[in-house]
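Enquirer: Contents of target.txt (compact mmCIF, C-alpha atoms):
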# COMPACT_ATOMS: atom_id res chain seq x y z
CA MET U 1 -20.54 27.62 24.34
CA ALA U 2 -20.55 23.96 23.37
CA HIS U 3 -17.75 22.60 21.21
CA LYS U 4 -18.95 21.01 18.00
CA VAL U 5 -17.39 17.58 17.39
CA ALA U 6 -18.05 15.14 14.55
CA LEU U 7 -18.69 11.68 16.02
CA ILE U 8 -18.16 8.31 14.35
CA ARG U 9 -19.64 5.69 16.65
CA GLY U 10 -17.80 2.84 14.92
CA ASP U 11 -18.48 -0.85 14.47
CA GLY U 12 -18.70 -3.80 16.88
CA THR U 13 -18.16 -2.51 20.42
CA GLY U 14 -17.56 1.02 19.11
CA PRO U 15 -21.04 2.40 19.89
CA GLU U 16 -20.98 1.22 23.53
CA LEU U 17 -17.48 2.64 24.04
CA VAL U 18 -18.56 5.95 22.54
CA ALA U 19 -21.64 5.98 24.80
CA ALA U 20 -19.38 5.51 27.83
CA VAL U 21 -17.22 8.46 26.82
CA GLU U 22 -20.29 10.62 26.17
CA LYS U 23 -21.58 9.75 29.66
CA ILE U 24 -18.28 10.63 31.36
CA PHE U 25 -17.97 13.92 29.43
CA LYS U 26 -21.52 14.82 30.38
CA ALA U 27 -20.84 14.00 34.03
CA ALA U 28 -17.73 16.18 33.85
CA LYS U 29 -19.93 18.99 32.54
CA VAL U 30 -17.99 19.34 29.30
CA GLU U 31 -20.28 20.90 26.75
CA ILE U 32 -19.97 19.05 23.47
CA ASP U 33 -22.38 19.31 20.57
CA TRP U 34 -21.89 15.85 19.04
CA VAL U 35 -22.62 15.66 15.32
CA ASP U 36 -23.10 12.04 14.26
CA VAL U 37 -21.49 11.14 10.94
CA GLU U 38 -21.62 7.82 9.13
CA ALA U 39 -18.72 5.49 8.43
CA GLY U 40 -17.92 1.83 8.68
CA LEU U 41 -19.66 -1.45 8.01
CA LYS U 42 -23.16 0.02 7.97
CA CYS U 43 -22.13 2.20 5.04
CA VAL U 44 -20.68 -0.78 3.18
CA GLU U 45 -23.84 -2.80 3.80
CA ALA U 46 -25.88 0.11 2.38
CA GLY U 47 -23.74 0.11 -0.77
CA LYS U 48 -21.87 3.30 0.13
CA PRO U 49 -18.13 3.87 0.47
CA ILE U 50 -16.84 2.85 3.90
CA VAL U 51 -16.22 6.55 4.61
CA PRO U 52 -18.70 8.57 2.50
CA ASP U 53 -17.63 11.88 1.01
CA GLU U 54 -20.26 13.68 3.15
CA THR U 55 -18.54 12.36 6.28
CA ILE U 56 -15.18 13.66 5.10
CA ALA U 57 -16.78 17.03 4.29
CA THR U 58 -18.51 17.31 7.68
CA ILE U 59 -15.38 16.46 9.68
CA LYS U 60 -13.41 18.93 7.59
CA GLU U 61 -15.98 21.65 8.18
CA ILE U 62 -16.19 21.06 11.94
CA GLY U 63 -12.44 20.54 12.24
CA VAL U 64 -12.56 18.01 15.09
CA GLY U 65 -13.71 14.40 15.21
CA LEU U 66 -13.89 11.54 17.69
CA LYS U 67 -13.96 8.05 16.25
CA GLY U 68 -14.92 4.74 17.79
CA PRO U 69 -13.14 1.63 16.52
CA MET U 70 -14.14 0.45 13.07
CA THR U 71 -13.83 -2.84 11.22
CA THR U 72 -11.99 -3.17 7.92
CA PRO U 73 -13.97 -5.67 5.86
CA ILE U 74 -11.84 -8.54 4.58
CA GLY U 75 -12.03 -9.18 0.89
CA LYS U 76 -11.44 -7.90 -2.56
CA GLY U 77 -11.66 -4.16 -2.96
CA SER U 78 -12.12 -3.40 0.73
CA VAL U 79 -10.28 -0.43 2.17
CA SER U 80 -9.43 0.59 5.69
CA PRO U 81 -11.75 3.31 7.01
CA ASN U 82 -8.96 4.57 9.25
CA VAL U 83 -6.48 4.96 6.40
CA THR U 84 -9.19 6.56 4.26
CA LEU U 85 -9.82 9.23 6.91
CA ARG U 86 -6.13 9.95 7.33
CA LYS U 87 -5.53 10.23 3.61
CA LYS U 88 -8.58 12.24 2.62
CA LEU U 89 -8.31 14.65 5.55
CA ASP U 90 -4.50 14.78 5.20
CA LEU U 91 -4.10 13.93 8.90
CA TYR U 92 -0.35 13.76 8.64
CA ALA U 93 0.66 13.42 12.29
CA CYS U 94 -0.38 10.33 14.23
CA VAL U 95 0.38 11.14 17.84
CA ARG U 96 0.47 8.30 20.36
CA PRO U 97 1.32 9.28 23.95
CA VAL U 98 2.19 6.30 26.14
CA ARG U 99 2.53 6.63 29.89
CA SER U 100 2.23 4.50 32.96
CA LEU U 101 -1.22 4.46 34.51
CA PRO U 102 -1.76 3.80 38.22
CA GLY U 103 -3.20 0.36 38.81
CA VAL U 104 -2.10 -0.89 35.40
CA VAL U 105 0.86 -3.05 36.32
CA THR U 106 3.56 -3.52 33.68
CA PRO U 107 7.33 -4.09 33.86
CA PHE U 108 7.78 -0.52 32.59
CA ASP U 109 7.39 1.95 35.45
CA ASN U 110 7.48 5.71 34.86
CA LEU U 111 6.89 5.29 31.15
CA ASP U 112 6.20 8.64 29.48
CA ILE U 113 6.90 8.88 25.75
CA VAL U 114 5.08 10.65 22.93
CA ILE U 115 5.35 9.07 19.49
CA PHE U 116 4.94 11.09 16.29
CA ARG U 117 4.26 8.81 13.32
CA GLU U 118 4.12 10.21 9.79
CA ASN U 119 0.69 9.20 8.63
CA THR U 120 0.32 9.75 4.89
CA GLU U 121 3.10 8.09 2.93
CA ASP U 122 5.87 5.47 3.19
CA LEU U 123 4.53 2.01 2.25
CA TYR U 124 1.07 3.24 3.28
CA ALA U 125 0.81 5.10 -0.01
CA GLN U 126 -0.15 1.53 -0.99
CA ILE U 127 1.42 1.66 -4.43
CA GLU U 128 1.98 -1.95 -5.35
CA TYR U 129 2.42 -4.03 -8.48
CA MET U 130 3.13 -7.53 -9.64
CA ALA U 131 6.15 -6.69 -11.78
CA THR U 132 6.47 -10.24 -13.15
CA ASP U 133 4.67 -13.44 -12.32
CA GLN U 134 7.24 -14.02 -9.58
CA VAL U 135 7.94 -10.54 -8.24
CA ALA U 136 5.81 -8.11 -6.24
CA HIS U 137 6.95 -4.51 -6.03
CA SER U 138 5.78 -2.09 -3.30
CA VAL U 139 6.78 1.56 -3.42
CA LYS U 140 8.16 3.09 -0.24
CA LEU U 141 7.47 6.77 -0.75
CA ILE U 142 9.30 9.23 1.53
CA SER U 143 9.20 12.95 0.76
CA LYS U 144 11.09 15.93 2.10
CA PHE U 145 7.81 17.82 2.45
CA SER U 146 6.10 15.22 4.62
CA THR U 147 9.19 14.61 6.71
CA GLU U 148 9.61 18.31 7.35
CA ARG U 149 6.04 18.73 8.53
CA ILE U 150 6.03 15.68 10.84
CA SER U 151 9.41 16.69 12.28
CA ARG U 152 8.31 20.29 12.78
CA ALA U 153 5.05 19.13 14.38
CA ALA U 154 7.04 17.01 16.83
CA PHE U 155 9.44 19.81 17.77
CA GLU U 156 6.59 22.29 18.15
CA TYR U 157 4.83 19.80 20.42
CA ALA U 158 8.03 19.39 22.43
CA ARG U 159 8.34 23.14 22.80
CA ALA U 160 4.69 23.58 23.83
CA ASN U 161 4.68 20.67 26.26
CA ASN U 162 8.08 21.13 27.88
CA ARG U 163 9.53 17.99 26.34
CA LYS U 164 13.32 17.97 26.20
CA LYS U 165 14.39 15.24 23.77
CA VAL U 166 13.26 14.20 20.29
CA VAL U 167 14.67 11.09 18.60
CA CYS U 168 14.43 10.31 14.88
CA VAL U 169 13.92 6.59 14.22
CA HIS U 170 14.93 5.19 10.82
CA LYS U 171 16.79 2.49 8.91
CA ALA U 172 19.03 4.77 6.88
CA ASN U 173 21.97 2.39 7.22
CA ILE U 174 20.16 0.08 4.77
CA MET U 175 17.64 2.33 2.95
CA LYS U 176 20.13 5.08 2.32
CA VAL U 177 17.95 6.99 -0.13
CA GLY U 178 14.46 6.88 1.40
CA ASP U 179 15.27 6.69 5.10
CA GLY U 180 18.35 8.77 4.39
CA LEU U 181 16.09 11.59 3.19
CA PHE U 182 13.92 11.16 6.30
CA LEU U 183 16.95 11.39 8.59
CA ARG U 184 18.60 14.34 6.80
CA THR U 185 15.35 16.28 6.74
CA PHE U 186 14.74 15.64 10.45
CA GLN U 187 18.26 16.87 11.22
CA GLU U 188 17.69 20.06 9.24
CA VAL U 189 14.46 20.79 11.12
CA ALA U 190 16.12 19.98 14.45
CA LYS U 191 18.55 22.88 13.91
CA GLU U 192 15.59 25.26 14.28
CA TYR U 193 15.07 23.98 17.84
CA PRO U 194 18.48 24.18 19.50
CA GLU U 195 17.02 24.10 23.00
CA ILE U 196 15.66 20.59 22.38
CA GLU U 197 18.12 17.72 22.42
CA SER U 198 17.82 15.46 19.39
CA TRP U 199 19.53 12.38 18.01
CA ASP U 200 18.68 9.37 15.86
CA ASN U 201 18.38 5.62 16.35
CA ILE U 202 18.07 2.76 13.91
CA VAL U 203 14.62 1.24 14.30
CA ASP U 204 15.70 -2.23 15.43
CA ASN U 205 18.00 -0.74 18.05
CA GLN U 206 15.18 1.62 19.08
CA CYS U 207 12.91 -1.34 19.80
CA MET U 208 15.55 -2.88 22.05
CA GLN U 209 16.26 0.47 23.70
CA LEU U 210 12.57 0.98 24.42
CA VAL U 211 12.26 -2.18 26.47
CA LEU U 212 15.63 -1.77 28.21
CA ARG U 213 16.04 1.98 28.69
CA TRP U 214 12.56 3.44 28.23
CA LYS U 215 13.08 6.11 30.88
CA ILE U 216 15.60 8.05 28.78
CA TYR U 217 13.12 8.54 25.92
CA ASP U 218 10.83 11.52 25.69
CA MET U 219 9.61 11.78 22.07
CA LEU U 220 10.12 9.70 18.92
CA VAL U 221 9.56 10.68 15.27
CA LEU U 222 9.15 7.89 12.74
CA PRO U 223 8.11 7.17 9.16
CA ASN U 224 4.73 5.50 8.80
CA LEU U 225 5.54 1.78 8.94
CA TYR U 226 8.07 1.96 11.79
CA GLY U 227 5.69 4.30 13.58
CA ASP U 228 2.86 1.80 13.26
CA ILE U 229 4.96 -1.00 14.73
CA VAL U 230 6.78 0.95 17.43
CA SER U 231 3.64 2.71 18.65
CA ASP U 232 1.95 -0.66 19.24
CA LEU U 233 5.08 -1.92 20.99
CA ALA U 234 4.89 1.14 23.21
CA ALA U 235 1.16 0.62 23.74
CA GLY U 236 1.97 -2.86 25.02
CA MET U 237 4.49 -1.35 27.41
CA MET U 238 1.71 0.92 28.71
CA GLY U 239 -0.62 -2.02 29.34
CA GLY U 240 -2.14 -2.84 25.96
CA LEU U 241 -4.22 -1.31 23.22
CA GLY U 242 -7.16 -1.09 25.62
CA VAL U 243 -5.49 1.81 27.42
CA ALA U 244 -3.47 3.50 24.65
CA PRO U 245 -4.92 6.68 23.12
CA GLY U 246 -4.35 8.10 19.67
CA ALA U 247 -4.75 11.37 17.80
CA ASN U 248 -4.38 12.30 14.15
CA TYR U 249 -3.63 15.92 13.34
CA GLY U 250 -3.75 17.73 10.01
CA THR U 251 -3.29 21.38 9.24
CA ASN U 252 -6.92 22.34 9.90
CA CYS U 253 -8.43 19.18 11.24
CA ALA U 254 -7.90 16.56 13.93
CA VAL U 255 -9.46 13.16 14.57
CA PHE U 256 -9.05 11.38 17.90
CA GLU U 257 -9.37 7.61 18.11
CA ALA U 258 -8.67 4.52 20.13
CA VAL U 259 -6.23 2.50 18.09
CA HIS U 260 -7.61 -0.92 18.98
CA GLY U 261 -10.04 -2.92 16.87
CA SER U 262 -13.80 -3.10 17.15
CA ALA U 263 -13.80 -6.45 19.05
CA PRO U 264 -17.08 -7.58 17.43
CA LYS U 265 -17.26 -10.79 19.48
CA TYR U 266 -17.78 -8.68 22.62
CA THR U 267 -20.51 -6.49 21.12
CA GLY U 268 -23.34 -5.89 23.57
CA LEU U 269 -21.68 -7.84 26.40
CA ASP U 270 -20.94 -4.73 28.52
CA LYS U 271 -17.39 -5.97 28.85
CA VAL U 272 -14.87 -3.87 26.96
CA ASN U 273 -12.47 -1.25 28.31
CA PRO U 274 -13.25 2.38 27.38
CA THR U 275 -9.90 3.74 28.63
CA ALA U 276 -8.23 4.09 25.23
CA LEU U 277 -11.17 5.97 23.74
CA LEU U 278 -11.59 8.05 26.90
CA LEU U 279 -7.92 9.08 26.87
CA SER U 280 -8.23 9.85 23.14
CA GLY U 281 -11.17 12.01 24.13
CA THR U 282 -9.14 13.84 26.76
CA LEU U 283 -6.47 14.52 24.12
CA MET U 284 -9.31 16.06 22.15
CA LEU U 285 -10.31 18.17 25.14
CA ASP U 286 -6.77 19.50 25.32
CA HIS U 287 -6.97 20.32 21.59
CA LEU U 288 -10.21 22.20 22.29
CA GLY U 289 -8.60 24.17 25.12
CA GLU U 290 -10.53 22.32 27.85
CA HIS U 291 -7.43 21.66 29.93
CA ASP U 292 -9.21 21.56 33.31
CA ALA U 293 -11.75 19.07 32.01
CA ARG U 294 -8.94 16.89 30.75
CA LYS U 295 -7.26 16.90 34.16
CA ASN U 296 -10.54 16.20 35.92
CA ILE U 297 -11.43 13.21 33.73
CA GLU U 298 -7.92 11.75 33.70
CA GLY U 299 -7.77 12.17 37.49
CA ALA U 300 -11.08 10.32 37.86
CA LEU U 301 -9.86 7.53 35.59
CA GLU U 302 -6.63 7.16 37.56
CA ALA U 303 -8.50 7.17 40.88
CA THR U 304 -10.77 4.41 39.57
CA LEU U 305 -7.85 2.28 38.41
CA THR U 306 -5.99 2.89 41.68
CA LYS U 307 -8.99 1.48 43.58
CA GLY U 308 -8.61 -1.69 41.56
CA ILE U 309 -11.77 -1.18 39.54
CA LYS U 310 -10.77 -2.55 36.13
CA THR U 311 -12.22 -4.30 33.13
CA TYR U 312 -11.35 -7.89 32.22
CA ASP U 313 -8.43 -7.01 29.94
CA LEU U 314 -6.60 -5.44 32.89
CA GLY U 315 -7.29 -8.40 35.16
CA GLY U 316 -10.41 -6.89 36.72
CA SER U 317 -14.03 -7.94 36.80
CA ALA U 318 -15.83 -4.61 36.28
CA LYS U 319 -18.27 -4.37 33.44
CA LEU U 320 -18.01 -1.48 31.02
CA SER U 321 -21.00 0.19 32.66
CA GLU U 322 -19.60 -0.31 36.19
CA PHE U 323 -16.22 1.06 35.19
CA THR U 324 -17.88 4.06 33.51
CA ASP U 325 -20.03 4.80 36.57
CA ALA U 326 -17.00 4.49 38.84
CA ILE U 327 -15.14 7.10 36.78
CA CYS U 328 -18.15 9.41 36.88
CA SER U 329 -18.31 9.10 40.67
CA GLU U 330 -14.67 10.20 40.96
CA LEU U 331 -15.15 13.41 38.97
CA LYS U 332 -14.76 16.68 40.83
CA MET B 1 -1.03 -15.85 -17.57
CA MET B 2 -0.35 -12.15 -16.96
CA THR B 3 -1.57 -9.83 -19.68
CA LEU B 4 -0.75 -6.17 -20.20
CA HIS B 5 -3.62 -3.72 -19.63
CA GLY B 6 -2.07 -0.35 -18.90
CA VAL B 7 0.68 1.74 -17.43
CA ASP B 8 1.31 4.06 -14.50
CA VAL B 9 3.35 7.08 -15.61
CA TYR B 10 4.91 9.13 -12.81
CA ILE B 11 5.42 12.78 -13.79
CA TRP B 12 7.64 15.42 -12.20
CA ILE B 13 5.24 18.38 -11.89
CA ASP B 14 3.98 20.65 -9.10
CA THR B 15 0.30 20.37 -10.01
CA THR B 16 -2.09 17.69 -11.21
CA PRO B 17 -1.24 17.42 -14.93
CA GLU B 18 -3.76 18.04 -17.72
CA LEU B 19 -3.27 14.89 -19.76
CA PRO B 20 -5.22 13.42 -22.71
CA LYS B 21 -8.30 11.64 -21.35
CA THR B 22 -7.84 8.87 -23.91
CA PHE B 23 -4.96 7.63 -26.05
CA GLY B 24 -5.46 4.78 -28.53
CA LYS B 25 -7.26 1.98 -26.69
CA MET B 26 -6.36 3.47 -23.33
CA THR B 27 -8.28 5.75 -20.97
CA LEU B 28 -6.85 7.98 -18.24
CA THR B 29 -8.59 6.29 -15.30
CA LEU B 30 -6.73 7.75 -12.34
CA ILE B 31 -4.28 10.31 -11.12
CA SER B 32 -3.14 9.87 -7.55
CA ASN B 33 -0.77 11.74 -5.29
CA ARG B 34 0.86 9.83 -2.44
CA GLY B 35 -1.62 7.06 -3.25
CA THR B 36 -4.69 9.27 -2.83
CA ARG B 37 -6.94 9.83 -5.83
CA VAL B 38 -6.99 13.40 -7.13
CA TYR B 39 -8.55 12.58 -10.54
CA PRO B 40 -11.32 11.92 -11.45
CA PRO B 41 -12.87 14.54 -9.16
CA PRO B 42 -13.68 15.23 -6.45
CA ALA B 43 -10.09 15.74 -5.38
CA PRO B 44 -9.60 15.92 -1.62
CA ASP B 45 -7.93 19.02 -0.22
CA ILE B 46 -4.53 17.48 0.48
CA ALA B 47 -0.94 18.64 0.18
CA LEU B 48 0.47 17.46 -3.15
CA LEU B 49 3.93 16.14 -3.89
CA ASN B 50 5.54 16.86 -7.26
CA TRP B 51 5.20 13.23 -8.35
CA PRO B 52 1.64 12.35 -9.44
CA ARG B 53 0.93 8.86 -10.68
CA CYS B 54 -1.09 8.90 -13.92
CA ARG B 55 -2.81 5.65 -14.83
CA TYR B 56 -3.90 4.66 -18.32
CA GLU B 57 -5.85 1.43 -18.69
CA SER B 58 -7.52 -0.64 -21.37
CA ASP B 59 -9.89 -3.56 -20.97
CA THR B 60 -8.37 -5.15 -24.07
CA GLU B 61 -4.84 -6.45 -24.01
CA LEU B 62 -2.11 -3.99 -24.98
CA THR B 63 1.26 -4.34 -26.62
CA ASP B 64 4.54 -2.87 -25.43
CA ALA B 65 4.49 -0.67 -28.55
CA GLU B 66 1.18 0.89 -27.52
CA ILE B 67 2.57 1.74 -24.09
CA GLN B 68 5.67 3.18 -25.75
CA GLU B 69 3.51 5.39 -28.02
CA LEU B 70 1.64 6.77 -25.02
CA VAL B 71 4.84 7.58 -23.18
CA ASN B 72 6.23 9.24 -26.32
CA GLU B 73 3.06 11.33 -26.56
CA ILE B 74 3.37 12.43 -22.92
CA THR B 75 6.96 13.44 -23.61
CA LYS B 76 5.92 15.35 -26.75
CA LEU B 77 3.34 17.25 -24.70
CA GLY B 78 6.22 18.56 -22.60
CA PHE B 79 5.75 16.51 -19.46
CA ARG B 80 8.84 15.24 -17.67
CA TRP B 81 8.12 11.66 -16.66
CA THR B 82 10.41 9.89 -14.22
CA LYS B 83 9.10 6.34 -14.00
CA CYS B 84 6.70 4.01 -15.80
CA GLN B 85 5.24 0.80 -14.47
CA LYS B 86 3.28 -1.64 -16.62
CA LEU B 87 -0.06 -2.82 -15.27
CA PHE B 88 -0.85 -6.50 -15.59
CA ARG B 89 -3.99 -8.50 -15.06
CA GLU B 90 -4.52 -12.21 -14.56
CA ASP B 91 -7.85 -13.99 -14.94
CA GLY B 92 -9.57 -10.61 -14.97
CA ASN B 93 -7.97 -9.47 -11.72
CA ASN B 94 -5.78 -6.37 -11.47
CA LEU B 95 -2.28 -7.21 -10.31
CA TYR B 96 -1.79 -3.69 -8.97
CA SER B 97 -3.18 -1.63 -6.13
CA GLN B 98 -5.95 0.92 -6.33
CA ALA B 99 -5.80 4.45 -4.96
CA TYR B 100 -7.72 5.69 -1.93
Please rewrite the model in this file as structure tokens.
Expert:
Amino acid sequence: MAHKVALIRGDGTGPELVAAVEKIFKAAKVEIDWVDVEAGLKCVEAGKPIVPDETIATIKEIGVGLKGPMTTPIGKGSVSPNVTLRKKLDLYACVRPVRSLPGVVTPFDNLDIVIFRENTEDLYAQIEYMATDQVAHSVKLISKFSTERISRAAFEYARANNRKKVVCVHKANIMKVGDGLFLRTFQEVAKEYPEIESWDNIVDNQCMQLVLRWKIYDMLVLPNLYGDIVSDLAAGMMGGLGVAPGANYGTNCAVFEAVHGSAPKYTGLDKVNPTALLLSGTLMLDHLGEHDARKNIEGALEATLTKGIKTYDLGGSAKLSEFTDAICSELK
Amino acid sequence: MMTLHGVDVYIWIDTTPELPKTFGKMTLTLISNRGTRVYPPPAPDIALLNWPRCRYESDTELTDAEIQELVNEITKLGFRWTKCQKLFREDGNNLYSQAY
């Protein structure tokens, strides 16, 4: 029976990336019943919210979504469609696995880290004021509830995926109340998982450690802002945003997405790299229980990269369509 | 020149509070939880913290005394508020963020 998945095609190069993923899934004989839902610039141009309430309702009902990259309009009153989805669907865990890919040369060999970023609060609550004519005040909101659930999600993931070490990343030496609560709460949850080694690092030290001693790290848990920054740092270590997948999990819903932008200047040029969206899609397949399909598609991708078939961003000359066809030809 | 047009009152409560929809020149325009709008409806199905932000606004300029009266009224109604933040505008623009 086909899996139902809500599909946001996205803006800019989003639709062509989504089409590439659809083609590879079809070639891999994964049965997906794609349900198109609206979001993004087209909605704004039609005078609707950037993520209409019907889209939120449909994704919630189906429980799984795949999202192409979207553009956040610049200007007064504009909101991020990505943040809107996370907030309204309460997708509290942003999961960003980073690992070395064959054929994608970086200074960081044998990279294999999974990052759990709290997705709903911290400075991303976006509570801000001009307190006087000279002073802006932004509220950094950290709660015990949200820290418990992101920490527990990380430890449960570690347990299910045979990961051995989970590190809490914070700045509790300076923000003793907010980050202090995050750290204390993480430590309390960690006691429930004695078989998993855990410790904590201050975020600036963690950034240095990542580029010097990346092989000792297995999983990281971070508040929203540090998670945003560190996960892009880690994506760079993997080879760039063009290859780094992302997933957002809530209690009853999950949305999988490439974390890069919509690259509007490349729209229609058959040029962009579908790897990040494809790997986000294979995370989705795992979520749907299609583990063999995930292995098949990831194996085909790795075989393609190993042969040196790459898009421009990885130093290759393959067009999007050529890269997609090459992956399809490697499927078992 | 910044002018006063409202207040955000943060209340310690496990649910979304039932507050007066208007008070003096002010209207209850928003309640948010973790920055996400839960009032006016529809409220998304999200986990709530016990710290909703309740926003009263007026298009006409307010005085500190009017803000104080509102906060006193919220106290009289039995709500335990923990923080208030005045809302300023300048040249018609809000100098505070909106909720999602």
Enquirer: Leaving out Glu195 of chain U and any residue of its chain fewer than 5 positions from it, which residues lie within 12 Å of it when counting only C-alpha atoms, given as a ChimeraX atom specification?
Expert: /U:155-156,158-159,162-166,190
Enquirer: Enumerate, in order of chain and increasing residue number, the residues of chain B with an atom no farther than 10 Å from chain U, each with its shortest atom pair and distance in Å to one decimal, counting only C-alpha atoms, as CSV.
Expert:
residue,atom,partner,partner_atom,distance
B:Met1,CA,U:Asp133,CA,8.1
B:Met2,CA,U:Asp133,CA,7.0
B:Ser32,CA,U:Ala125,CA,9.8
B:Asn33,CA,U:Ala125,CA,8.6
B:Arg34,CA,U:Ala125,CA,5.3
B:Gly35,CA,U:Ala125,CA,4.5
B:Thr36,CA,U:Lys87,CA,6.6
B:Arg37,CA,U:Lys88,CA,8.9
B:Val38,CA,U:Lys88,CA,9.9
B:Pro42,CA,U:Asp53,CA,9.1
B:Ala43,CA,U:Lys88,CA,8.9
B:Pro44,CA,U:Lys88,CA,5.7
B:Asp45,CA,U:Leu89,CA,7.2
B:Ile46,CA,U:Asp90,CA,5.4
B:Ala47,CA,U:Asp90,CA,7.3
B:Leu48,CA,U:Phe145,CA,9.2
B:Leu49,CA,U:Phe145,CA,7.6
B:Asn50,CA,U:Ser143,CA,9.6
B:Trp51,CA,U:Ser143,CA,10.0
B:Arg53,CA,U:Ile127,CA,9.5
B:Gln85,CA,U:Ala131,CA,8.0
B:Lys86,CA,U:Ala131,CA,7.6
B:Leu87,CA,U:Tyr129,CA,7.3
B:Phe88,CA,U:Met130,CA,7.2
B:Arg89,CA,U:Met130,CA,9.0
B:Glu90,CA,U:Asp133,CA,9.5
B:Asn93,CA,U:Lys76,CA,9.9
B:Asn94,CA,U:Tyr129,CA,9.0
B:Leu95,CA,U:Met130,CA,5.5
B:Tyr96,CA,U:Tyr129,CA,4.3
B:Ser97,CA,U:Glu128,CA,5.2
B:Gln98,CA,U:Ile127,CA,7.6
B:Ala99,CA,U:Gln126,CA,7.5
B:Tyr100,CA,U:Thr84,CA,6.4
Enquirer: Can I get the selected residues back with C-alpha atoms, as a short mmCIF file (atom, residue, chain, number, x, y, z; two decimals), keeping the file's coordinate frame?
Expert:
data_model
loop_
_atom_site.label_atom_id
_atom_site.label_comp_id
_atom_site.auth_asym_id
_atom_site.auth_seq_id
_atom_site.Cartn_x
_atom_site.Cartn_y
_atom_site.Cartn_z
CA MET B 1 -1.03 -15.85 -17.57
CA MET B 2 -0.35 -12.15 -16.96
CA SER B 32 -3.14 9.87 -7.55
CA ASN B 33 -0.77 11.74 -5.29
CA ARG B 34 0.86 9.83 -2.44
CA GLY B 35 -1.62 7.06 -3.25
CA THR B 36 -4.69 9.27 -2.83
CA ARG B 37 -6.94 9.83 -5.83
CA VAL B 38 -6.99 13.40 -7.13
CA PRO B 42 -13.68 15.23 -6.45
CA ALA B 43 -10.09 15.74 -5.38
CA PRO B 44 -9.60 15.92 -1.62
CA ASP B 45 -7.93 19.02 -0.22
CA ILE B 46 -4.53 17.48 0.48
CA ALA B 47 -0.94 18.64 0.18
CA LEU B 48 0.47 17.46 -3.15
CA LEU B 49 3.93 16.14 -3.89
CA ASN B 50 5.54 16.86 -7.26
CA TRP B 51 5.20 13.23 -8.35
CA ARG B 53 0.93 8.86 -10.68
CA GLN B 85 5.24 0.80 -14.47
CA LYS B 86 3.28 -1.64 -16.62
CA LEU B 87 -0.06 -2.82 -15.27
CA PHE B 88 -0.85 -6.50 -15.59
CA ARG B 89 -3.99 -8.50 -15.06
CA GLU B 90 -4.52 -12.21 -14.56
CA ASN B 93 -7.97 -9.47 -11.72
CA ASN B 94 -5.78 -6.37 -11.47
CA LEU B 95 -2.28 -7.21 -10.31
CA TYR B 96 -1.79 -3.69 -8.97
CA SER B 97 -3.18 -1.63 -6.13
CA GLN B 98 -5.95 0.92 -6.33
CA ALA B 99 -5.80 4.45 -4.96
CA TYR B 100 -7.72 5.69 -1.93
#
Enquirer: What does the distance between atom CA of Ser321 of chain U and atom CA of Ala20 of chain U come to in Å, to one decimal place?
Expert: 7.4 Å
Enquirer: Could you tell me how far atom CA of Val139 of chain U sits from atom CA of Ala258 of chain U, in Å to one decimal place?
Expert: 28.3 Å
Enquirer: Need the axis-aligned box for segment 44-63 of chain B with 6 Å each side, so what are the centre and edges in Å to one decimal, as JSON?
Expert:
{"center_x": -2.2, "center_y": 6.3, "center_z": -13.1, "size_x": 27.4, "size_y": 37.5, "size_z": 39.1}
Enquirer: May I have the residues within 10 Å of Thr147 of chain U as a list in words, using all atoms listed in the file and disregarding those fewer than 2 positions away in the same chain?
Expert: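 Contacts, in chain order: Tyr92, Glu118, Glu121, Ile142, Ser143, Lys144, Phe145, Arg149, Ile150, Ser151, Arg152, Ala153, Leu181, Phe182, Leu183, Arg184, Thr185, Phe186, Val189, Val221, Leu222 and Pro223 of chain U.
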Enquirer: What lies within 12 Å of Phe323 of chain U using all atoms listed in the file, ignoring chain neighbours under 5 positions off, as a PyMOL selection string?
Expert: chain U and resi 17+20-21+23-24+270-275+278+300-305+307-312+314+316-318+328-330
Enquirer: Keeping only C-alpha atoms, write the selected residues to a file as a compact mmCIF listing (two decimals), keeping the file's coordinate frame.
Expert:
# COMPACT_ATOMS: atom_id res chain seq x y z
CA LEU U 17 -17.48 2.64 24.04
CA ALA U 20 -19.38 5.51 27.83
CA VAL U 21 -17.22 8.46 26.82
CA LYS U 23 -21.58 9.75 29.66
CA ILE U 24 -18.28 10.63 31.36
CA ASP U 270 -20.94 -4.73 28.52
CA LYS U 271 -17.39 -5.97 28.85
CA VAL U 272 -14.87 -3.87 26.96
CA ASN U 273 -12.47 -1.25 28.31
CA PRO U 274 -13.25 2.38 27.38
CA THR U 275 -9.90 3.74 28.63
CA LEU U 278 -11.59 8.05 26.90
CA ALA U 300 -11.08 10.32 37.86
CA LEU U 301 -9.86 7.53 35.59
CA GLU U 302 -6.63 7.16 37.56
CA ALA U 303 -8.50 7.17 40.88
CA THR U 304 -10.77 4.41 39.57
CA LEU U 305 -7.85 2.28 38.41
CA LYS U 307 -8.99 1.48 43.58
CA GLY U 308 -8.61 -1.69 41.56
CA ILE U 309 -11.77 -1.18 39.54
CA LYS U 310 -10.77 -2.55 36.13
CA THR U 311 -12.22 -4.30 33.13
CA TYR U 312 -11.35 -7.89 32.22
CA LEU U 314 -6.60 -5.44 32.89
CA GLY U 316 -10.41 -6.89 36.72
CA SER U 317 -14.03 -7.94 36.80
CA ALA U 318 -15.83 -4.61 36.28
CA CYS U 328 -18.15 9.41 36.88
CA SER U 329 -18.31 9.10 40.67
CA GLU U 330 -14.67 10.20 40.96
Enquirer: Measuring atom to atom with all atoms listed in the file, identify which of B:Gly6, B:Pro40, B:Gly92, B:Pro17 is nearest to Thr63 of chain B.
Expert: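 Residue with the minimum atom-to-atom distance to Thr63 of chain B: B:Gly6.
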